[in-house]
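Engineer: Please find start07.txt (compact mmCIF, C-alpha atoms and all ligand atoms) on the next line:
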```
# COMPACT_ATOMS: atom_id res chain seq x y z
CA MET F 1252 -32.72 -21.18 -17.12
CA LYS F 1253 -32.44 -17.70 -15.60
CA ARG F 1254 -29.10 -16.01 -16.33
CA ILE F 1255 -27.32 -14.30 -13.46
CA LEU F 1256 -24.21 -12.12 -13.58
CA ILE F 1257 -22.33 -11.61 -10.30
CA LEU F 1258 -20.00 -8.61 -10.35
CA GLY F 1259 -17.21 -9.41 -7.88
CA ALA F 1260 -17.75 -13.20 -8.02
CA SER F 1261 -14.14 -13.81 -6.92
CA GLY F 1262 -14.69 -11.94 -3.64
CA PHE F 1263 -15.67 -13.19 -0.19
CA ILE F 1264 -19.45 -12.72 -0.56
CA GLY F 1265 -19.64 -12.86 -4.38
CA ASN F 1266 -17.86 -16.23 -4.49
CA THR F 1267 -20.11 -17.79 -1.85
CA LEU F 1268 -23.09 -16.53 -3.85
CA TYR F 1269 -21.64 -17.99 -7.05
CA ARG F 1270 -21.27 -21.42 -5.37
CA GLU F 1271 -24.78 -21.21 -3.91
CA LEU F 1272 -26.49 -20.22 -7.18
CA ASN F 1273 -24.39 -22.00 -9.80
CA SER F 1274 -26.28 -25.33 -9.75
CA TYR F 1275 -29.68 -23.68 -10.00
CA TYR F 1276 -29.13 -20.83 -12.47
CA ASP F 1277 -26.95 -20.11 -15.49
CA THR F 1278 -24.48 -18.14 -13.39
CA PHE F 1279 -21.58 -15.95 -14.60
CA GLY F 1280 -19.16 -13.84 -12.63
CA THR F 1281 -16.37 -11.29 -12.83
CA TYR F 1282 -12.95 -11.30 -11.19
CA PHE F 1283 -10.32 -8.58 -10.98
CA ASN F 1284 -6.98 -9.48 -9.32
CA LYS F 1285 -7.56 -13.03 -8.05
CA LYS F 1286 -5.78 -15.84 -9.85
CA GLY F 1287 -7.38 -19.08 -11.04
CA TYR F 1288 -10.39 -17.82 -13.02
CA ARG F 1289 -8.81 -17.24 -16.44
CA SER F 1290 -9.67 -20.68 -17.84
CA ASN F 1291 -13.20 -20.75 -16.36
CA SER F 1292 -15.62 -19.93 -19.19
CA HIS F 1293 -18.19 -18.62 -16.68
CA PHE F 1294 -15.78 -15.97 -15.37
CA PHE F 1295 -14.79 -12.70 -17.08
CA HIS F 1296 -12.01 -10.32 -16.17
CA PHE F 1297 -13.47 -6.93 -15.22
CA ASP F 1298 -11.62 -3.80 -14.09
CA LEU F 1299 -13.92 -1.04 -12.84
CA GLU F 1300 -11.38 1.64 -13.71
CA GLU F 1301 -10.81 0.52 -17.30
CA ASP F 1302 -13.76 -1.51 -18.59
CA GLY F 1303 -17.34 -0.59 -19.32
CA LEU F 1304 -20.13 -3.02 -18.47
CA ASP F 1305 -21.85 -2.80 -21.85
CA VAL F 1306 -19.78 -5.58 -23.47
CA LEU F 1307 -20.46 -8.00 -20.59
CA LEU F 1308 -24.17 -7.20 -20.49
CA LYS F 1309 -24.48 -7.66 -24.28
CA GLU F 1310 -22.63 -10.98 -24.20
CA ILE F 1311 -24.26 -12.53 -21.11
CA LYS F 1312 -27.74 -10.94 -21.31
CA PRO F 1313 -28.43 -11.54 -17.60
CA LYS F 1314 -31.95 -11.33 -16.13
CA LEU F 1315 -30.35 -10.44 -12.79
CA VAL F 1316 -27.11 -8.61 -11.99
CA ILE F 1317 -25.77 -9.01 -8.45
CA SER F 1318 -23.34 -6.31 -7.40
CA ALA F 1319 -20.79 -7.60 -4.84
CA LEU F 1320 -17.99 -5.27 -5.89
CA ARG F 1321 -15.37 -3.25 -4.16
CA GLY F 1322 -13.09 -0.70 -5.85
CA SER F 1323 -12.83 3.08 -5.94
CA PHE F 1324 -16.04 4.73 -4.78
CA GLU F 1325 -16.17 7.08 -7.78
CA SER F 1326 -15.89 4.25 -10.31
CA GLN F 1327 -18.45 2.14 -8.42
CA ILE F 1328 -20.94 5.04 -8.45
CA GLU F 1329 -20.42 5.49 -12.19
CA ALA F 1330 -20.74 1.74 -12.91
CA HIS F 1331 -23.94 1.51 -10.86
CA ARG F 1332 -25.45 4.52 -12.67
CA PHE F 1333 -24.82 2.68 -15.93
CA LEU F 1334 -26.30 -0.54 -14.51
CA ILE F 1335 -29.38 1.22 -13.14
CA ASN F 1336 -30.03 2.78 -16.55
CA HIS F 1337 -29.59 -0.63 -18.21
CA VAL F 1338 -32.03 -2.24 -15.77
CA LYS F 1339 -34.55 0.55 -16.34
CA HIS F 1340 -34.65 -0.11 -20.08
CA SER F 1341 -34.37 -3.90 -20.23
CA ASP F 1342 -35.77 -7.14 -18.85
CA CYS F 1343 -33.20 -7.26 -16.05
CA ARG F 1344 -33.07 -6.62 -12.30
CA LEU F 1345 -30.28 -5.44 -10.00
CA LEU F 1346 -29.42 -6.80 -6.55
CA PHE F 1347 -27.15 -4.41 -4.68
CA LEU F 1348 -25.26 -5.26 -1.48
CA SER F 1349 -25.38 -2.24 0.80
CA SER F 1350 -24.38 -1.86 4.42
CA ALA F 1351 -25.63 -1.00 7.92
CA ASN F 1352 -23.29 2.00 7.65
CA VAL F 1353 -25.93 3.91 5.66
CA PHE F 1354 -27.50 4.55 9.09
CA ASP F 1355 -24.32 5.30 11.04
CA THR F 1356 -25.43 8.81 12.09
CA PHE F 1357 -28.40 7.35 14.02
CA GLU F 1358 -26.74 5.98 17.12
CA HIS F 1359 -29.58 5.37 19.51
CA PHE F 1360 -31.58 2.59 17.89
CA PRO F 1361 -31.27 -0.22 15.35
CA SER F 1362 -32.51 0.52 11.81
CA TYR F 1363 -35.39 -0.94 9.80
CA GLU F 1364 -36.00 -1.17 6.05
CA TYR F 1365 -37.81 2.12 5.47
CA ASP F 1366 -35.92 4.28 8.00
CA LYS F 1367 -34.25 7.38 6.60
CA THR F 1368 -30.58 6.86 5.79
CA LEU F 1369 -27.91 9.28 7.06
CA SER F 1370 -24.22 8.65 7.41
CA GLU F 1371 -21.18 10.42 8.80
CA SER F 1372 -18.69 8.02 7.23
CA ILE F 1373 -17.29 8.23 3.70
CA TYR F 1374 -18.21 4.56 3.16
CA GLY F 1375 -21.79 5.06 4.40
CA ARG F 1376 -22.28 8.17 2.24
CA PHE F 1377 -20.96 6.32 -0.82
CA LYS F 1378 -23.45 3.47 -0.28
CA ILE F 1379 -26.29 6.01 0.19
CA LYS F 1380 -25.45 7.60 -3.19
CA ILE F 1381 -25.92 4.28 -4.99
CA GLU F 1382 -28.98 3.41 -2.89
CA ASN F 1383 -30.64 6.73 -3.81
CA ASP F 1384 -30.08 6.11 -7.52
CA LEU F 1385 -31.46 2.58 -7.14
CA LEU F 1386 -34.51 3.72 -5.19
CA ARG F 1387 -35.62 5.86 -8.15
CA LEU F 1388 -36.31 2.65 -10.08
CA SER F 1389 -39.61 0.85 -9.78
CA PRO F 1390 -39.29 -1.48 -6.72
CA SER F 1391 -39.96 -4.47 -9.02
CA LYS F 1392 -36.57 -3.76 -10.64
CA TYR F 1393 -34.28 -4.01 -7.62
CA VAL F 1394 -33.31 -5.82 -4.47
CA LEU F 1395 -31.52 -3.59 -1.98
CA ALA F 1396 -29.88 -5.90 0.57
CA ARG F 1397 -28.43 -4.10 3.59
CA LEU F 1398 -25.87 -6.17 5.47
CA PRO F 1399 -24.37 -5.97 8.95
CA MET F 1400 -20.83 -7.31 9.61
CA ILE F 1401 -20.42 -10.56 7.66
CA PHE F 1402 -18.24 -13.29 9.16
CA GLY F 1403 -17.11 -16.60 7.64
CA ASN F 1404 -14.44 -19.19 8.33
CA GLN F 1405 -12.34 -17.90 5.42
CA SER F 1406 -13.34 -14.25 5.76
CA PRO F 1407 -10.78 -11.45 6.06
CA ARG F 1408 -12.17 -10.55 9.53
CA ILE F 1409 -11.60 -14.09 10.85
CA GLN F 1410 -8.19 -14.38 9.19
CA GLU F 1411 -7.18 -11.16 10.95
CA LEU F 1412 -8.33 -12.61 14.29
CA ASP F 1413 -6.42 -15.88 13.65
CA ASN F 1414 -3.26 -13.89 12.88
CA ALA F 1415 -3.66 -11.65 15.92
CA ILE F 1416 -4.05 -14.67 18.21
CA VAL F 1417 -1.03 -16.48 16.72
CA ASN F 1418 1.16 -13.37 16.92
CA ASP F 1419 -0.13 -12.10 20.31
CA GLU F 1420 -1.23 -8.85 18.70
CA PRO F 1421 -4.03 -6.65 20.12
CA ILE F 1422 -7.53 -7.09 18.69
CA GLU F 1423 -9.60 -3.92 18.26
CA VAL F 1424 -13.03 -4.11 19.86
CA PHE F 1425 -15.82 -1.54 20.20
CA PRO F 1426 -17.36 -1.98 23.68
CA ASN F 1427 -20.17 0.52 23.17
CA THR F 1428 -21.20 -0.55 19.68
CA ILE F 1429 -24.22 -2.85 19.45
CA ILE F 1430 -24.35 -4.93 16.28
CA ASN F 1431 -26.14 -7.74 14.54
CA VAL F 1432 -24.19 -10.18 12.36
CA ASN F 1433 -24.41 -12.67 9.52
CA ASN F 1434 -22.12 -15.13 7.77
CA ASN F 1435 -21.44 -15.74 4.08
CA ILE F 1436 -23.26 -19.09 3.96
CA LYS F 1437 -26.48 -17.97 5.65
CA LEU F 1438 -26.47 -14.72 3.66
CA SER F 1439 -26.19 -16.65 0.38
CA GLN F 1440 -29.10 -18.91 1.35
CA GLN F 1441 -31.20 -15.84 2.15
CA ILE F 1442 -30.32 -14.23 -1.19
CA HIS F 1443 -31.04 -17.52 -3.02
CA TYR F 1444 -34.52 -17.51 -1.47
CA ILE F 1445 -35.12 -13.87 -2.48
CA ILE F 1446 -34.13 -14.69 -6.08
CA ASN F 1447 -36.10 -17.94 -6.19
CA GLN F 1448 -39.26 -16.28 -4.87
CA LYS F 1449 -38.74 -13.25 -7.17
CA LEU F 1450 -38.92 -10.92 -4.17
CA THR F 1451 -37.96 -7.29 -4.69
CA GLY F 1452 -37.51 -4.17 -2.54
CA ILE F 1453 -35.41 -3.57 0.58
CA PHE F 1454 -34.15 -6.41 2.80
CA HIS F 1455 -32.19 -6.29 6.06
CA LEU F 1456 -30.19 -9.51 6.21
CA GLY F 1457 -28.72 -10.07 9.65
CA SER F 1458 -29.27 -11.96 12.89
CA THR F 1459 -32.61 -11.26 14.57
CA ASP F 1460 -30.90 -10.36 17.85
CA LEU F 1461 -28.24 -7.87 18.92
CA ILE F 1462 -25.00 -8.05 20.88
CA HIS F 1463 -22.19 -5.69 21.90
CA HIS F 1464 -19.29 -5.97 19.46
CA PHE F 1465 -16.85 -6.65 22.34
CA ASP F 1466 -19.04 -9.45 23.73
CA PHE F 1467 -19.41 -11.10 20.32
CA ILE F 1468 -15.64 -11.08 19.72
CA LYS F 1469 -14.98 -12.34 23.29
CA LEU F 1470 -17.42 -15.25 22.79
CA LEU F 1471 -15.92 -16.03 19.39
CA ILE F 1472 -12.40 -16.09 20.77
CA THR F 1473 -13.30 -18.27 23.75
CA LYS F 1474 -15.03 -20.77 21.46
CA ARG F 1475 -12.48 -20.68 18.60
CA TYR F 1476 -9.07 -20.61 20.29
CA HIS F 1477 -7.27 -22.09 23.31
CA LYS F 1478 -5.08 -18.99 23.65
CA LYS F 1479 -6.23 -15.82 25.38
CA ALA F 1480 -6.54 -12.58 23.40
CA ILE F 1481 -5.18 -9.10 24.00
CA PHE F 1482 -7.93 -6.52 23.45
CA LYS F 1483 -7.62 -2.88 22.44
CA GLN F 1484 -10.89 -1.20 23.39
CA VAL F 1485 -11.87 1.59 21.00
CA TYR F 1486 -14.52 4.12 22.04
CA THR F 1487 -15.96 6.11 19.14
CA THR F 1488 -18.54 7.91 21.32
CA ASN F 1489 -19.33 8.07 25.04
CA GLU F 1490 -22.79 6.61 24.51
CA MET F 1491 -24.04 3.25 23.29
CA ARG F 1492 -24.16 3.15 19.51
CA TYR F 1493 -26.11 0.79 17.25
CA LEU F 1494 -24.75 -0.49 13.93
CA ALA F 1495 -27.51 -2.97 13.23
CA VAL F 1496 -30.08 -3.62 10.50
CA LEU F 1497 -33.25 -5.45 11.55
CA ALA F 1498 -36.18 -6.62 9.43
CA LYS F 1499 -39.71 -5.42 10.13
CA GLU F 1500 -41.52 -5.10 6.79
CA ASN F 1501 -39.80 -7.60 4.50
CA LYS F 1502 -39.20 -10.60 6.72
CA LEU F 1503 -37.85 -13.90 5.41
CA PRO F 1504 -39.41 -17.20 6.54
CA GLN F 1505 -38.50 -18.61 9.95
CA ASN F 1506 -36.10 -21.26 8.57
CA LEU F 1507 -33.92 -18.46 7.15
CA LEU F 1508 -33.83 -16.43 10.36
CA PHE F 1509 -31.18 -17.02 13.02
CA SER F 1510 -29.54 -15.62 16.14
CA TYR F 1511 -25.94 -14.48 16.67
CA THR F 1512 -25.27 -17.72 18.61
CA GLU F 1513 -25.91 -19.70 15.39
CA ILE F 1514 -23.40 -17.51 13.58
CA LEU F 1515 -20.91 -18.14 16.40
CA ASP F 1516 -21.51 -21.91 16.17
CA ASP F 1517 -20.84 -21.88 12.41
CA LEU F 1518 -17.57 -20.03 13.03
CA THR F 1519 -16.35 -22.42 15.69
CA PRO F 1520 -16.92 -25.98 14.45
CA THR F 1521 -13.79 -27.20 16.25
CA LYS F 1522 -11.38 -25.30 18.47
CA LYS F 1523 -8.15 -24.20 16.76
CA ASP F 1524 -4.85 -25.56 18.10
CA PHE F 1525 -3.68 -22.08 19.00
N1 LIG X 1 -17.87 -8.20 4.05
C1 LIG X 1 -18.74 -7.50 4.81
O1 LIG X 1 -18.74 -7.61 6.07
C2 LIG X 1 -19.73 -6.57 4.15
C3 LIG X 1 -20.68 -5.91 4.96
C4 LIG X 1 -21.59 -5.03 4.36
C5 LIG X 1 -21.57 -4.84 2.97
N2 LIG X 1 -20.63 -5.48 2.22
C6 LIG X 1 -20.61 -5.22 0.76
O2 LIG X 1 -20.61 -6.45 0.04
C7 LIG X 1 -19.86 -6.31 -1.17
C8 LIG X 1 -18.84 -7.44 -1.26
O3 LIG X 1 -17.95 -7.37 -0.14
P1 LIG X 1 -16.81 -8.47 0.11
O4 LIG X 1 -16.46 -8.37 1.55
O5 LIG X 1 -17.21 -9.77 -0.47
O6 LIG X 1 -15.60 -7.84 -0.75
P2 LIG X 1 -14.28 -8.54 -1.33
O7 LIG X 1 -14.06 -9.89 -0.75
O8 LIG X 1 -13.18 -7.53 -1.22
O9 LIG X 1 -14.65 -8.75 -2.89
C9 LIG X 1 -14.73 -7.63 -3.76
C10 LIG X 1 -14.90 -8.09 -5.19
O10 LIG X 1 -14.73 -6.92 -6.03
C11 LIG X 1 -13.68 -7.16 -6.98
N3 LIG X 1 -12.97 -5.90 -7.23
C12 LIG X 1 -12.20 -5.19 -6.36
N4 LIG X 1 -11.70 -4.08 -6.96
C13 LIG X 1 -12.16 -4.11 -8.24
C14 LIG X 1 -11.98 -3.26 -9.38
N5 LIG X 1 -11.24 -2.15 -9.33
N6 LIG X 1 -12.59 -3.61 -10.54
C15 LIG X 1 -13.38 -4.71 -10.63
N7 LIG X 1 -13.59 -5.57 -9.58
C16 LIG X 1 -12.99 -5.26 -8.40
C17 LIG X 1 -12.79 -8.20 -6.33
O11 LIG X 1 -12.05 -8.89 -7.35
P3 LIG X 1 -10.65 -9.69 -7.00
O12 LIG X 1 -10.88 -10.33 -5.66
O13 LIG X 1 -10.54 -10.68 -8.14
O14 LIG X 1 -9.55 -8.70 -7.00
C18 LIG X 1 -13.83 -9.10 -5.66
O15 LIG X 1 -14.41 -9.97 -6.61
C19 LIG X 1 -19.22 -4.91 -1.12
O16 LIG X 1 -19.99 -4.04 -1.91
C20 LIG X 1 -19.31 -4.52 0.35
O17 LIG X 1 -19.43 -3.13 0.53
C21 LIG X 1 -19.72 -6.34 2.77
```
Using structure tokens, write down the structure from this file.

Structural biologist:
Amino acid sequence: MKRILILGASGFIGNTLYRELNSYYDTFGTYFNKKGYRSNSHFFHFDLEEDGLDVLLKEIKPKLVISALRGSFESQIEAHRFLINHVKHSDCRLLFLSSANVFDTFEHFPSYEYDKTLSESIYGRFKIKIENDLLRLSPSKYVLARLPMIFGNQSPRIQELDNAIVNDEPIEVFPNTIINVNNNIKLSQQIHYIINQKLTGIFHLGSTDLIHHFDFIKLLITKRYHKKAIFKQVYTTNEMRYLAVLAKENKLPQNLLFSYTEILDDLTPTKKDF
């Protein structure tokens, strides 16, 4: 059975991926601060700042490493350089989770797989650095998955909204930012398909349609809560701005494509009491 190592398997996306893949592949994962993994023989403690990856790679011998890490940008860049070199010289591939922010300088249109990346944000520039190292590999060696905002019933974004509603705190919205979205469950199914079909290259994994950030949050709140929200509208530019990754070249099959309304439905199975 194919061996997979998920770096950051205790995190929001990494853990959903672990649950999705675990029954089909020999799946291992790392955790850092989260409790409850110490006695699980498929989980290893890993601290980006202190530990090298060589020991883990030697012990697990994965055919695929999925990187779903956070941590200091400098240490992540160094760890990915090591991983990319490992992948280059072994029978192993790397799947890296990048972000729509690699395009955040281009405000006037959504972005496709082979568009040039350019970012004004520290986060976007950090992701571009790792992407550029990855793109020097043969495309058969990597999956570069660019993600829009990822929601999920237990996600930090939704927990923040729940807290804001309960405590009558203002919710920040971006009225002139146009986004696409995904959730952790649909994203994991898409990544499972990519692995299962041995697809490689660049993938944009988000809803096929677009919506203003403010409208999406308004719809979510109306469907999820009885209470009304207080909004704080944040304008980052005077013009409309896209933060959206759409697929043109590497499209997944129809059953794995969805609209933002399906993401909303998944987030609002029943209305909360508050
Ligand atoms: N969530 C989104 O909307 C979104 C959108 C675009 C791209 N992404 C990318 O997707 C990836 C996963 O994001 P996420 O939202 O799932 O993040 P997350 O929930 O914060 O999970 C991060 C993972 O990294 C581990 N980690 C943090 N600091 C570490 C360190 N110093 N050393 C070793 N491990 C460390 C965490 O371990 P512990 O939890 O055990 O401490 C956890 O397993 C990230 O690369 C992110 O940039 C996310």

Engineer: Could you check the closest approach to ligand LIG 1 (chain X) for each of F:His1340, F:Lys1253, F:Lys1309, F:Arg1408 and tell me which residue wins, using all atoms listed in the file?

Structural biologist: F:Arg1408

Engineer: Would you mind telling me which residue in F:Tyr1511, F:Tyr1276, F:Phe1294, F:Tyr1393 lies nearest to ligand LIG 1 (chain X) when using only C-alpha atoms and all ligand atoms?

Structural biologist: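 Closest to ligand LIG 1 (chain X), using only C-alpha atoms and all ligand atoms: F:Phe1294.
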
Engineer: Please provide the set of residues having any atom within 12 Å of Lys1380 of chain F, restricted to only C-alpha atoms, with same-chain residues fewer than 3 positions apart removed, written as an MDAnalysis selection string.

Structural biologist: chainID F and resid 1324:1325 1327:1329 1331:1332 1349 1353 1368:1370 1373:1377 1383:1387

Engineer: Around all of ligand LIG 1 (chain X)'s listed atoms, make the axis-aligned box with 4 Å on each side and tell me centre and edge lengths in Å to one decimal, as lines of an AutoDock Vina configuration file.

Structural biologist:
```
center_x = -15.6
center_y = -6.4
center_z = -2.3
size_x = 20.0
size_y = 16.5
size_z = 24.7
```

Engineer: Residues near segment 1482-1487 of chain F, anyone? I mean within 10 Å using all atoms listed in the file, not counting same-chain ones fewer than 3 positions away, as a PyMOL selection string.

Structural biologist: chain F and resi 1420-1428+1465+1468-1469+1479+1490-1492

Engineer: Please determine, counting only C-alpha atoms, which residue among F:Ser1323, F:Ser1389, F:Asn1418, F:Asn1435 has the shortest atom-to-atom distance to Glu1301 of chain F.

Structural biologist: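 Going through F:Ser1323, F:Ser1389, F:Asn1418, F:Asn1435 one by one, the smallest distance to Glu1301 of chain F is for F:Ser1323.
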
Engineer: What gap, in Å, lies between atom C5 of ligand LIG 1 (chain X) and atom CA of Asn1404 of chain F?

Structural biologist: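 Spanning atom C5 of ligand LIG 1 (chain X) to atom CA of Asn1404 of chain F is a straight-line distance of 16.9 Å.
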
Engineer: Rounded to one decimal place, report the atom CA of Lys1314 of chain F-atom CA of Glu1500 of chain F distance in Å.

Structural biologist: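 Interatomic distance here is 25.6 Å.
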
Engineer: Point out the residue among F:Val1394, F:Ile1379, F:Ile1430, F:Val1306 with the least atom-to-atom distance to His1463 of chain F, counting all atoms listed in the file.

Structural biologist: F:Ile1430

Engineer: Can you tell me which residues come within 6 Å of ligand LIG 1 (chain X) when counting only C-alpha atoms and all ligand atoms, ideally as a ChimeraX atom specification?

Structural biologist: /F:1259-1265,1282-1285,1297-1300,1319-1322,1348-1350,1398-1401

Engineer: Could you tell me how far atom CA of Lys1523 of chain F sits from atom CA of Glu1411 of chain F, in Å to one decimal place?

Structural biologist: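 One can read the atom CA of Glu1411 of chain F to atom CA of Lys1523 of chain F distance as 14.3 Å.
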
Engineer: Taking only C-alpha atoms into account, name the residue in F:Leu1497, F:Ile1311, F:Ala1330, F:Leu1304 that is nearest to Asp1460 of chain F.

Structural biologist: F:Leu1497

Engineer: Find the residues around Asn1447 of chain F up to 10 Å (only C-alpha atoms counted), leave out those fewer than 5 positions away in its own chain, and share them as a list in words.

Structural biologist: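 So the residues in contact are Leu1272, Tyr1275, Tyr1276, Gln1441 and Ile1442 of chain F.
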
Engineer: Could you tell me which of F:Asp1413, F:Asp1524, F:Glu1513, F:Glu1358 comes closest to Ala1480 of chain F if we count all atoms listed in the file?

Structural biologist: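 Using all atoms listed in the file, the shortest distance to Ala1480 of chain F belongs to F:Asp1413.
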
Engineer: What would segment 1370-1389 of chain F look like with N, CA and C atoms restored, written as a PDB file, in the coordinates of the input?

Structural biologist:
```pdb
ATOM      1  N   SER F1370     -25.506   9.209   7.006  1.00  0.00           N
ATOM      2  CA  SER F1370     -24.220   8.650   7.410  1.00  0.00           C
ATOM      3  C   SER F1370     -23.172   9.742   7.601  1.00  0.00           C
ATOM      4  N   GLU F1371     -22.294   9.493   8.578  1.00  0.00           N
ATOM      5  CA  GLU F1371     -21.180  10.420   8.800  1.00  0.00           C
ATOM      6  C   GLU F1371     -19.898   9.868   8.197  1.00  0.00           C
ATOM      7  N   SER F1372     -19.934   8.611   7.744  1.00  0.00           N
ATOM      8  CA  SER F1372     -18.690   8.020   7.230  1.00  0.00           C
ATOM      9  C   SER F1372     -18.654   8.130   5.701  1.00  0.00           C
ATOM     10  N   ILE F1373     -17.448   8.142   5.165  1.00  0.00           N
ATOM     11  CA  ILE F1373     -17.290   8.230   3.700  1.00  0.00           C
ATOM     12  C   ILE F1373     -17.913   6.986   3.062  1.00  0.00           C
ATOM     13  N   TYR F1374     -17.677   5.814   3.685  1.00  0.00           N
ATOM     14  CA  TYR F1374     -18.210   4.560   3.160  1.00  0.00           C
ATOM     15  C   TYR F1374     -19.747   4.574   3.175  1.00  0.00           C
ATOM     16  N   GLY F1375     -20.326   5.009   4.291  1.00  0.00           N
ATOM     17  CA  GLY F1375     -21.790   5.060   4.400  1.00  0.00           C
ATOM     18  C   GLY F1375     -22.383   6.019   3.378  1.00  0.00           C
ATOM     19  N   ARG F1376     -21.747   7.175   3.192  1.00  0.00           N
ATOM     20  CA  ARG F1376     -22.280   8.170   2.240  1.00  0.00           C
ATOM     21  C   ARG F1376     -22.191   7.661   0.807  1.00  0.00           C
ATOM     22  N   PHE F1377     -21.124   6.910   0.520  1.00  0.00           N
ATOM     23  CA  PHE F1377     -20.960   6.320  -0.820  1.00  0.00           C
ATOM     24  C   PHE F1377     -22.079   5.307  -1.091  1.00  0.00           C
ATOM     25  N   LYS F1378     -22.379   4.459  -0.097  1.00  0.00           N
ATOM     26  CA  LYS F1378     -23.450   3.470  -0.280  1.00  0.00           C
ATOM     27  C   LYS F1378     -24.796   4.182  -0.452  1.00  0.00           C
ATOM     28  N   ILE F1379     -25.015   5.268   0.300  1.00  0.00           N
ATOM     29  CA  ILE F1379     -26.290   6.010   0.190  1.00  0.00           C
ATOM     30  C   ILE F1379     -26.458   6.563  -1.228  1.00  0.00           C
ATOM     31  N   LYS F1380     -25.362   7.040  -1.815  1.00  0.00           N
ATOM     32  CA  LYS F1380     -25.450   7.600  -3.190  1.00  0.00           C
ATOM     33  C   LYS F1380     -26.011   6.550  -4.139  1.00  0.00           C
ATOM     34  N   ILE F1381     -25.446   5.334  -4.079  1.00  0.00           N
ATOM     35  CA  ILE F1381     -25.920   4.280  -4.990  1.00  0.00           C
ATOM     36  C   ILE F1381     -27.347   3.878  -4.615  1.00  0.00           C
ATOM     37  N   GLU F1382     -27.607   3.762  -3.315  1.00  0.00           N
ATOM     38  CA  GLU F1382     -28.980   3.410  -2.890  1.00  0.00           C
ATOM     39  C   GLU F1382     -29.997   4.414  -3.458  1.00  0.00           C
ATOM     40  N   ASN F1383     -29.687   5.709  -3.356  1.00  0.00           N
ATOM     41  CA  ASN F1383     -30.640   6.730  -3.810  1.00  0.00           C
ATOM     42  C   ASN F1383     -30.905   6.623  -5.305  1.00  0.00           C
ATOM     43  N   ASP F1384     -29.871   6.318  -6.085  1.00  0.00           N
ATOM     44  CA  ASP F1384     -30.080   6.110  -7.520  1.00  0.00           C
ATOM     45  C   ASP F1384     -30.969   4.890  -7.755  1.00  0.00           C
ATOM     46  N   LEU F1385     -30.705   3.835  -6.996  1.00  0.00           N
ATOM     47  CA  LEU F1385     -31.460   2.580  -7.140  1.00  0.00           C
ATOM     48  C   LEU F1385     -32.934   2.786  -6.777  1.00  0.00           C
ATOM     49  N   LEU F1386     -33.144   3.553  -5.706  1.00  0.00           N
ATOM     50  CA  LEU F1386     -34.510   3.720  -5.190  1.00  0.00           C
ATOM     51  C   LEU F1386     -35.398   4.533  -6.139  1.00  0.00           C
ATOM     52  N   ARG F1387     -34.793   5.153  -7.153  1.00  0.00           N
ATOM     53  CA  ARG F1387     -35.620   5.860  -8.150  1.00  0.00           C
ATOM     54  C   ARG F1387     -36.241   4.902  -9.152  1.00  0.00           C
ATOM     55  N   LEU F1388     -35.721   3.663  -9.198  1.00  0.00           N
ATOM     56  CA  LEU F1388     -36.310   2.650 -10.080  1.00  0.00           C
ATOM     57  C   LEU F1388     -37.623   2.164  -9.489  1.00  0.00           C
ATOM     58  N   SER F1389     -38.428   1.525 -10.319  1.00  0.00           N
ATOM     59  CA  SER F1389     -39.610   0.850  -9.780  1.00  0.00           C
ATOM     60  C   SER F1389     -39.122  -0.268  -8.851  1.00  0.00           C
TER      61      SER F1389
END
```
